[in-house]
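*Asks:* My structure is in model-v7.csv, and what it holds is CSV, C-alpha atoms:
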chain,number,residue,atom,x,y,z
A,1,MET,CA,102.9,36.5,-40.9
A,2,ALA,CA,103.2,37.7,-37.3
A,3,THR,CA,105.7,40.3,-36.3
A,4,GLU,CA,108.1,39.4,-33.5
A,5,SER,CA,110.5,41.6,-31.5
A,6,CYS,CA,113.8,41.3,-29.8
A,7,GLN,CA,116.6,43.2,-28.2
A,8,ALA,CA,119.9,43.2,-30.2
A,9,ILE,CA,123.5,44.3,-30.4
A,10,VAL,CA,124.5,45.3,-33.9
A,11,LEU,CA,127.8,43.6,-34.9
A,12,HIS,CA,128.0,44.3,-38.6
A,13,SER,CA,126.0,45.6,-41.6
A,14,THR,CA,126.4,45.4,-45.4
A,15,PRO,CA,124.4,46.4,-48.4
A,16,TYR,CA,121.7,44.0,-49.4
A,17,GLY,CA,119.9,44.0,-52.7
A,18,GLU,CA,118.8,47.4,-54.0
A,19,ARG,CA,119.1,50.0,-51.2
A,20,GLY,CA,118.7,47.3,-48.6
A,21,LEU,CA,120.8,46.3,-45.6
A,22,LEU,CA,121.9,43.0,-44.1
A,23,ILE,CA,122.4,43.5,-40.3
A,24,GLU,CA,124.2,40.8,-38.2
A,25,THR,CA,123.4,40.9,-34.5
A,26,TYR,CA,123.6,39.1,-31.2
A,27,THR,CA,120.1,39.1,-29.7
A,28,LEU,CA,118.9,38.6,-26.1
A,29,GLU,CA,116.1,36.2,-27.1
A,30,HIS,CA,117.6,34.2,-30.0
A,31,GLY,CA,121.4,34.5,-29.9
A,32,ALA,CA,123.1,35.2,-33.2
A,33,ARG,CA,120.7,36.3,-35.9
A,34,ALA,CA,120.8,38.3,-39.1
A,35,PHE,CA,118.1,40.6,-40.5
A,36,PHE,CA,117.6,42.2,-43.9
A,37,THR,CA,115.7,45.1,-45.3
A,38,ILE,CA,114.3,45.3,-48.9
A,39,GLY,CA,114.9,48.6,-50.6
A,40,ALA,CA,113.7,47.9,-54.2
A,41,LYS,CA,110.2,49.5,-53.7
A,42,SER,CA,111.3,52.5,-51.7
A,43,GLN,CA,114.4,54.6,-51.6
A,44,ARG,CA,113.9,55.0,-47.8
A,45,SER,CA,113.3,51.3,-47.1
A,46,GLY,CA,117.0,50.5,-46.3
A,47,MET,CA,118.2,54.0,-45.7
A,48,ARG,CA,115.9,54.6,-42.7
A,49,TYR,CA,117.6,51.8,-40.8
A,50,ALA,CA,121.2,52.9,-41.6
A,51,PRO,CA,121.5,55.3,-38.5
A,52,TYR,CA,120.9,52.3,-36.3
A,53,ALA,CA,123.3,49.9,-38.0
A,54,HIS,CA,126.6,51.2,-36.6
A,55,PRO,CA,128.9,48.8,-34.6
A,56,LEU,CA,127.6,48.0,-31.1
A,57,ALA,CA,124.3,49.9,-31.5
A,58,LEU,CA,121.8,48.7,-28.9
A,59,VAL,CA,118.4,48.3,-30.6
A,60,GLN,CA,114.9,46.9,-30.3
A,61,LEU,CA,114.0,45.2,-33.6
A,62,GLY,CA,110.6,44.2,-35.1
A,63,PHE,CA,110.9,41.4,-37.6
A,64,ARG,CA,109.2,38.6,-39.6
A,65,SER,CA,110.8,35.2,-39.8
A,66,LYS,CA,111.4,33.9,-43.3
A,67,ARG,CA,111.3,30.2,-43.9
A,68,GLY,CA,113.8,28.7,-46.3
A,69,ASP,CA,116.0,31.8,-46.5
A,70,GLY,CA,119.0,30.7,-44.5
A,71,GLY,CA,117.7,31.8,-41.2
A,72,LEU,CA,117.4,35.5,-42.3
A,73,CYS,CA,114.6,37.6,-40.8
A,74,GLN,CA,112.9,40.6,-42.5
A,75,LEU,CA,113.3,43.7,-40.5
A,76,VAL,CA,110.1,45.8,-40.2
A,77,SER,CA,111.0,48.3,-37.5
A,78,VAL,CA,114.0,49.4,-35.4
A,79,GLU,CA,114.5,51.8,-32.4
A,80,ARG,CA,117.2,52.3,-30.0
A,81,SER,CA,117.0,50.4,-26.7
A,82,ALA,CA,119.7,52.6,-25.2
A,83,PRO,CA,121.3,55.8,-26.4
A,84,PRO,CA,124.8,55.5,-28.1
A,85,GLY,CA,126.3,58.1,-25.8
A,86,LEU,CA,129.7,59.1,-27.2
A,87,LEU,CA,130.1,56.1,-29.5
A,88,LEU,CA,129.3,58.1,-32.6
A,89,THR,CA,131.0,61.4,-31.8
A,90,ASP,CA,134.3,60.4,-30.1
A,91,MET,CA,136.9,58.9,-32.4
A,92,PRO,CA,138.7,56.7,-29.8
A,93,ARG,CA,135.3,55.2,-28.7
A,94,SER,CA,134.3,54.6,-32.3
A,95,ALA,CA,137.5,52.8,-33.0
A,96,ILE,CA,137.1,50.6,-29.9
A,97,ALA,CA,133.5,49.9,-30.9
A,98,LEU,CA,134.6,48.8,-34.4
A,99,PHE,CA,137.3,46.6,-32.9
A,100,LEU,CA,135.0,44.9,-30.3
A,101,ALA,CA,132.2,44.5,-32.8
A,102,SER,CA,134.6,42.6,-35.2
A,103,GLN,CA,135.7,40.3,-32.4
A,104,LEU,CA,132.1,39.7,-31.2
A,105,ARG,CA,131.0,39.0,-34.7
A,106,ARG,CA,133.3,36.0,-34.9
A,107,LEU,CA,133.0,34.9,-31.3
A,108,LEU,CA,129.2,35.1,-31.0
A,109,GLY,CA,128.4,34.2,-34.6
A,110,GLN,CA,127.4,30.7,-33.7
A,111,GLN,CA,126.2,31.3,-30.1
A,112,PHE,CA,122.7,30.5,-29.0
A,113,GLU,CA,120.8,32.7,-26.6
A,114,ASN,CA,122.6,33.4,-23.4
A,115,GLU,CA,121.1,36.1,-21.2
A,116,GLU,CA,124.1,36.6,-18.9
A,117,LEU,CA,126.4,36.9,-21.9
A,118,TYR,CA,124.1,39.4,-23.6
A,119,ARG,CA,123.8,41.5,-20.4
A,120,TYR,CA,127.6,41.5,-20.0
A,121,CYS,CA,128.0,42.9,-23.6
A,122,HIS,CA,125.1,45.3,-23.2
A,123,GLU,CA,126.5,46.8,-20.0
A,124,GLY,CA,130.0,47.0,-21.4
A,125,ILE,CA,128.7,48.9,-24.4
A,126,ARG,CA,126.8,51.3,-22.2
A,127,LEU,CA,130.0,51.9,-20.2
A,128,LEU,CA,132.0,52.5,-23.4
A,129,GLY,CA,129.6,55.2,-24.5
A,130,SER,CA,129.6,57.0,-21.2
A,131,PRO,CA,132.0,60.0,-20.4
A,132,THR,CA,133.3,58.2,-17.4
A,133,ALA,CA,134.7,55.2,-19.2
A,134,GLN,CA,138.5,54.6,-18.9
A,135,LEU,CA,139.5,54.0,-22.5
A,136,ALA,CA,143.2,53.1,-22.3
A,137,LEU,CA,142.6,49.5,-21.2
A,138,PHE,CA,138.9,49.2,-22.2
A,139,PRO,CA,139.3,46.6,-25.0
A,140,GLN,CA,141.6,44.5,-22.9
A,141,ALA,CA,139.2,44.5,-19.9
A,142,PHE,CA,136.2,43.8,-22.1
A,143,LEU,CA,137.9,40.8,-23.7
A,144,LEU,CA,139.0,39.5,-20.4
A,145,GLY,CA,135.5,39.7,-19.0
A,146,LEU,CA,134.2,38.0,-22.2
A,147,CYS,CA,136.6,35.1,-21.4
A,148,GLU,CA,134.8,34.7,-18.1
A,149,GLN,CA,131.4,34.8,-19.7
A,150,LEU,CA,132.5,32.1,-22.2
A,151,GLY,CA,133.8,29.9,-19.3
A,152,ILE,CA,137.5,30.2,-20.2
A,153,ARG,CA,138.8,32.8,-17.7
A,154,PRO,CA,142.6,32.4,-17.1
A,155,GLN,CA,143.4,30.5,-13.9
A,156,GLY,CA,145.9,31.3,-11.2
A,157,HIS,CA,147.7,34.6,-10.7
A,158,TYR,CA,151.1,36.2,-11.2
A,159,SER,CA,153.6,35.5,-8.3
A,160,PRO,CA,157.3,35.0,-7.8
A,161,SER,CA,156.7,31.2,-8.0
A,162,THR,CA,154.3,31.5,-11.1
A,163,PRO,CA,155.7,34.5,-13.1
A,164,ARG,CA,154.6,33.4,-16.5
A,165,PHE,CA,151.4,32.7,-18.3
A,166,ASP,CA,150.8,29.8,-20.6
A,167,PRO,CA,148.0,30.7,-23.2
A,168,GLN,CA,147.6,27.0,-24.2
A,169,GLY,CA,147.0,25.8,-20.7
A,170,GLY,CA,145.3,29.0,-19.6
A,171,ILE,CA,147.2,29.2,-16.3
A,172,PHE,CA,150.1,31.0,-14.7
A,173,ILE,CA,153.2,28.8,-14.5
A,174,PRO,CA,156.6,28.6,-12.9
A,175,ALA,CA,159.5,30.1,-14.8
A,176,ARG,CA,161.1,26.7,-15.3
A,177,HIS,CA,158.1,25.4,-17.1
A,178,GLU,CA,158.8,24.6,-20.8
A,179,ALA,CA,155.5,26.1,-22.1
A,180,ARG,CA,155.9,29.1,-24.4
A,181,SER,CA,155.2,32.1,-22.2
A,182,ASP,CA,156.1,35.7,-21.4
A,183,GLU,CA,156.7,37.1,-18.0
A,184,LEU,CA,156.0,40.8,-18.7
A,185,GLY,CA,152.7,39.8,-20.4
A,186,ALA,CA,151.8,37.6,-17.4
A,187,ARG,CA,152.4,40.5,-15.0
A,188,HIS,CA,150.1,42.8,-17.0
A,189,LEU,CA,147.4,40.2,-17.4
A,190,SER,CA,147.4,39.6,-13.7
A,191,THR,CA,147.1,43.3,-13.1
A,192,LEU,CA,144.1,43.5,-15.4
A,193,MET,CA,142.5,40.5,-13.8
A,194,GLY,CA,142.6,42.3,-10.5
A,195,GLY,CA,141.3,45.6,-11.7
A,196,GLY,CA,139.1,45.0,-14.7
A,197,TYR,CA,137.6,48.2,-16.1
A,198,ASP,CA,139.0,50.1,-13.1
A,199,THR,CA,142.6,49.2,-13.8
A,200,PRO,CA,144.5,52.6,-13.8
A,201,PRO,CA,146.3,53.3,-17.1
A,202,SER,CA,149.6,53.9,-15.2
A,203,ALA,CA,149.6,50.2,-14.1
A,204,ILE,CA,150.3,49.0,-17.7
A,205,PRO,CA,152.8,51.0,-19.8
A,206,ARG,CA,151.3,52.3,-23.1
A,207,ALA,CA,153.9,50.4,-25.1
A,208,GLN,CA,152.7,47.1,-23.6
A,209,ARG,CA,148.9,47.6,-24.0
A,210,GLY,CA,148.9,46.3,-27.6
A,211,GLU,CA,150.8,43.2,-26.7
A,212,LEU,CA,148.4,42.5,-23.8
A,213,LEU,CA,145.5,42.9,-26.3
A,214,ARG,CA,147.1,40.4,-28.7
A,215,LEU,CA,147.7,38.0,-25.8
A,216,LEU,CA,144.0,38.0,-25.0
A,217,MET,CA,143.1,37.6,-28.7
A,218,GLN,CA,145.5,34.6,-28.9
A,219,TYR,CA,144.0,33.1,-25.8
A,220,LEU,CA,140.5,33.5,-27.1
A,221,GLU,CA,141.5,31.9,-30.4
A,222,ILE,CA,143.1,28.9,-28.7
A,223,HIS,CA,140.2,28.2,-26.4
A,224,THR,CA,137.3,28.9,-28.7
A,225,GLY,CA,138.8,27.6,-31.9
A,226,VAL,CA,137.7,30.9,-33.7
A,227,ARG,CA,140.1,32.9,-35.8
A,228,LEU,CA,139.8,36.5,-34.8
A,229,PRO,CA,140.3,39.4,-37.3
A,230,GLY,CA,143.2,41.8,-36.8
A,231,GLU,CA,142.2,44.6,-39.2
A,232,ALA,CA,140.3,46.6,-36.7
A,233,LEU,CA,143.2,46.3,-34.3
A,234,ASP,CA,145.3,48.1,-36.8
A,235,VAL,CA,142.8,51.0,-36.8
A,236,LEU,CA,142.7,51.0,-33.0
A,237,GLU,CA,146.4,51.3,-32.8
A,238,ASP,CA,146.5,54.1,-35.3
A,239,VAL,CA,144.0,56.0,-33.2
A,240,TRP,CA,146.0,55.3,-30.0
A,241,GLY,CA,149.2,56.5,-31.8
Would it be possible to restate this file's structure as structure tokens?
*Replies:*
Amino acid sequence: MATESCQAIVLHSTPYGERGLLIETYTLEHGARAFFTIGAKSQRSGMRYAPYAHPLALVQLGFRSKRGDGGLCQLVSVERSAPPGLLLTDMPRSAIALFLASQLRRLLGQQFENEELYRYCHEGIRLLGSPTAQLALFPQAFLLGLCEQLGIRPQGHYSPSTPRFDPQGGIFIPARHEARSDELGARHLSTLMGGGYDTPPSAIPRAQRGELLRLLMQYLEIHTGVRLPGEALDVLEDVWG
């Protein structure tokens, strides 16, 4: 059986069999794909891959496809395609990585290959691991950019005539509109849309950043039909204090 290779972003890993691992990824070449290692014959078989199985690891995988095994592929080699930077040593970055990996696992779990989407995630992860990354609004900026990659970027902008945002319609609306909306959230969303990763932390008060993140998660849920997990958000908020 021939060995294939692919570039991948690690989204989740769990024990598999005896000393093995099941690693869920989003790959450049194949979209969402899961890989397993078998550890029954060697104590090191699964353990040697563990250092590469952390959330948002950027890796190059060698694997063999297994027919009739639910689409799983047997992992035969792994190496980093990019260094993790500060993802493993800086607690706020690790918490953000855990949160984003949990969201991507749900959102990309059924996605086919999409080079532009993969490159967006790859570059965002590289930025998160760098010492120059602005962390205060990083998760919000990443999810907003992900909306654009998925073709669901919010439309319009905040203004005196459209001071509210309707998550269902995905558009900024007049105050008199009957749709459920929030003016403060709309203002912060518009600020983020204009600044992206470069939005200064002072532009959005600390007390409102969690609400903005929840607004973006709600928006993604509405427009993708995917229920997003909130557990990692609790960890993120604990780290932020």
*Asks:* Choose the residue, out of A:Ala97, A:Leu28, A:Leu189, A:Leu220, that has the smallest atom-to-atom separation from A:Tyr120; count only C-alpha atoms.
*Replies:*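 Selected residue with least distance to A:Tyr120: A:Leu28.
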*Asks:* Between A:Ala50, A:Gln168, A:Gly62, A:Ser94, which one has atoms that come closest to A:Gly225, using only C-alpha atoms?
*Replies:*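 Of all the options, A:Gln168 lies closest to A:Gly225.
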*Asks:* Find the residues around stretch 227-230 of chain A up to 10 Å (all atoms listed in the file counted), leave out those fewer than 5 positions away in its own chain, and share them as a ChimeraX atom specification.
*Replies:* /A:99,102-107,214,217-218,220-222,235-236
*Asks:* What lies within 12 Å of A:Ser202 using all atoms listed in the file, ignoring chain neighbours under 6 positions off, as a list in words?
*Replies:*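 Result of the neighbour search: Gln134, Ala136, Leu137, His188, Thr191, Leu192, Gln208 and Arg209 of chain A.
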*Asks:* If we count only C-alpha atoms, what is near A:Arg153 at a cut-off of 12 Å, once residues fewer than 4 positions away on the same chain are taken out, given as a PyMOL selection string?
*Replies:* chain A and resi 141+143-149+157+167+169-172+189-190+193+216+219-220+223-224
*Asks:* Considering all atoms listed in the file, return as a list in words whatever protein or nucleic-acid residues lie within 12 Å of A:Ser5, sequence-local ones (same chain, fewer than 6 positions apart) excluded.
*Replies:*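 So the residues in contact are Thr27, Leu28, Glu29, His30, Phe35, Val59, Gln60, Leu61, Gly62, Phe63, Arg64, Ser65, Cys73, Gln74, Leu75, Val76, Ser77, Val78, Glu79 and Ser81 of chain A.
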*Asks:* So what do you get for atom CA of A:Phe36 versus atom CA of A:Cys121, distance-wise?
*Replies:*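 The value is 22.8 Å.
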*Asks:* Pick out the closest residue to A:Pro55 from this set: A:Ala32, A:Ile23, A:Leu98, A:Met91. Count all atoms listed in the file.
*Replies:*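 When distances to A:Pro55 are compared using all atoms listed in the file, the smallest one comes from A:Leu98.
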*Asks:* Take atom CA of A:Leu213 and atom CA of A:Phe142 and report the distance between them in Å, one decimal.
*Replies:*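 Taking atom CA of A:Leu213 and atom CA of A:Phe142, their separation equals 10.2 Å.
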*Asks:* Could you state the separation of atom CA of A:Thr3 and atom CA of A:Ala34 in Å, given to one decimal place?
*Replies:*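 Distance between the two atoms: 15.5 Å.
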*Asks:* Find, counting all atoms listed in the file, the residue in A:Ile38, A:Cys6, A:Leu56, A:Leu150 that gets nearest to A:Leu21.
*Replies:*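 Checking each candidate against A:Leu21, we get A:Ile38 as the closest.
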*Asks:* Please return as a list in words every residue within 10 Å of (132.7, 53.8, -30.5), taking into account only C-alpha atoms and the file's own coordinates.
*Replies:*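 Protein and nucleic acid residues near the point are His54, Pro55, Leu56, Ala57, Pro84, Gly85, Leu86, Leu87, Leu88, Thr89, Asp90, Met91, Pro92, Arg93, Ser94, Ala95, Ile96, Ala97, Leu98, Phe99, Leu100, Ala101, Ile125, Leu128 and Gly129 of chain A.
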*Asks:* Taking into account all atoms listed in the file, which residue in the set A:Ala2, A:Thr14, A:Thr25, A:Ala207 is nearest to A:Phe112?
*Replies:*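 Result for the nearest residue to A:Phe112: A:Thr25.
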*Asks:* Would you mind completing stretch 72-91 of chain A so that it carries N, CA and C atoms, and writing it out as a compact mmCIF listing (two decimals), in the frame of the given file?
*Replies:*
# COMPACT_ATOMS: atom_id res chain seq x y z
N LEU A 72 117.52 34.00 -42.28
CA LEU A 72 117.40 35.50 -42.30
C LEU A 72 115.97 35.86 -41.87
N CYS A 73 115.87 37.03 -41.25
CA CYS A 73 114.60 37.60 -40.80
C CYS A 73 114.41 38.95 -41.48
N GLN A 74 113.20 39.26 -41.92
CA GLN A 74 112.90 40.60 -42.50
C GLN A 74 112.66 41.60 -41.47
N LEU A 75 113.44 42.66 -41.48
CA LEU A 75 113.30 43.70 -40.50
C LEU A 75 112.15 44.64 -40.89
N VAL A 76 111.28 44.93 -39.93
CA VAL A 76 110.10 45.80 -40.20
C VAL A 76 110.16 47.07 -39.37
N SER A 77 110.91 47.07 -38.28
CA SER A 77 111.00 48.30 -37.50
C SER A 77 112.27 48.20 -36.61
N VAL A 78 112.78 49.37 -36.22
CA VAL A 78 114.00 49.40 -35.40
C VAL A 78 113.91 50.71 -34.54
N GLU A 79 114.30 50.61 -33.29
CA GLU A 79 114.50 51.80 -32.40
C GLU A 79 115.55 51.48 -31.43
N ARG A 80 116.15 52.53 -30.92
CA ARG A 80 117.20 52.30 -30.00
C ARG A 80 116.65 51.84 -28.62
N SER A 81 117.32 50.85 -28.03
CA SER A 81 117.00 50.40 -26.70
C SER A 81 117.78 51.15 -25.64
N ALA A 82 118.87 51.78 -26.10
CA ALA A 82 119.70 52.60 -25.20
C ALA A 82 120.42 53.63 -26.11
N PRO A 83 120.65 54.83 -25.62
CA PRO A 83 121.30 55.80 -26.40
C PRO A 83 122.79 55.45 -26.68
N PRO A 84 123.37 55.89 -27.80
CA PRO A 84 124.80 55.50 -28.10
C PRO A 84 125.79 56.28 -27.29
N GLY A 85 125.35 57.30 -26.58
CA GLY A 85 126.30 58.10 -25.80
C GLY A 85 127.34 58.72 -26.73
N LEU A 86 128.61 58.50 -26.44
CA LEU A 86 129.70 59.10 -27.20
C LEU A 86 130.24 58.19 -28.30
N LEU A 87 129.60 57.04 -28.54
CA LEU A 87 130.10 56.10 -29.50
C LEU A 87 130.22 56.67 -30.91
N LEU A 88 129.32 57.57 -31.27
CA LEU A 88 129.30 58.10 -32.60
C LEU A 88 130.04 59.39 -32.80
N THR A 89 130.41 60.03 -31.73
CA THR A 89 131.00 61.40 -31.80
C THR A 89 132.46 61.42 -31.34
N ASP A 90 132.92 60.40 -30.65
CA ASP A 90 134.30 60.40 -30.10
C ASP A 90 135.09 59.33 -30.85
N MET A 91 136.14 59.77 -31.55
CA MET A 91 136.90 58.90 -32.40
C MET A 91 137.50 57.66 -31.67
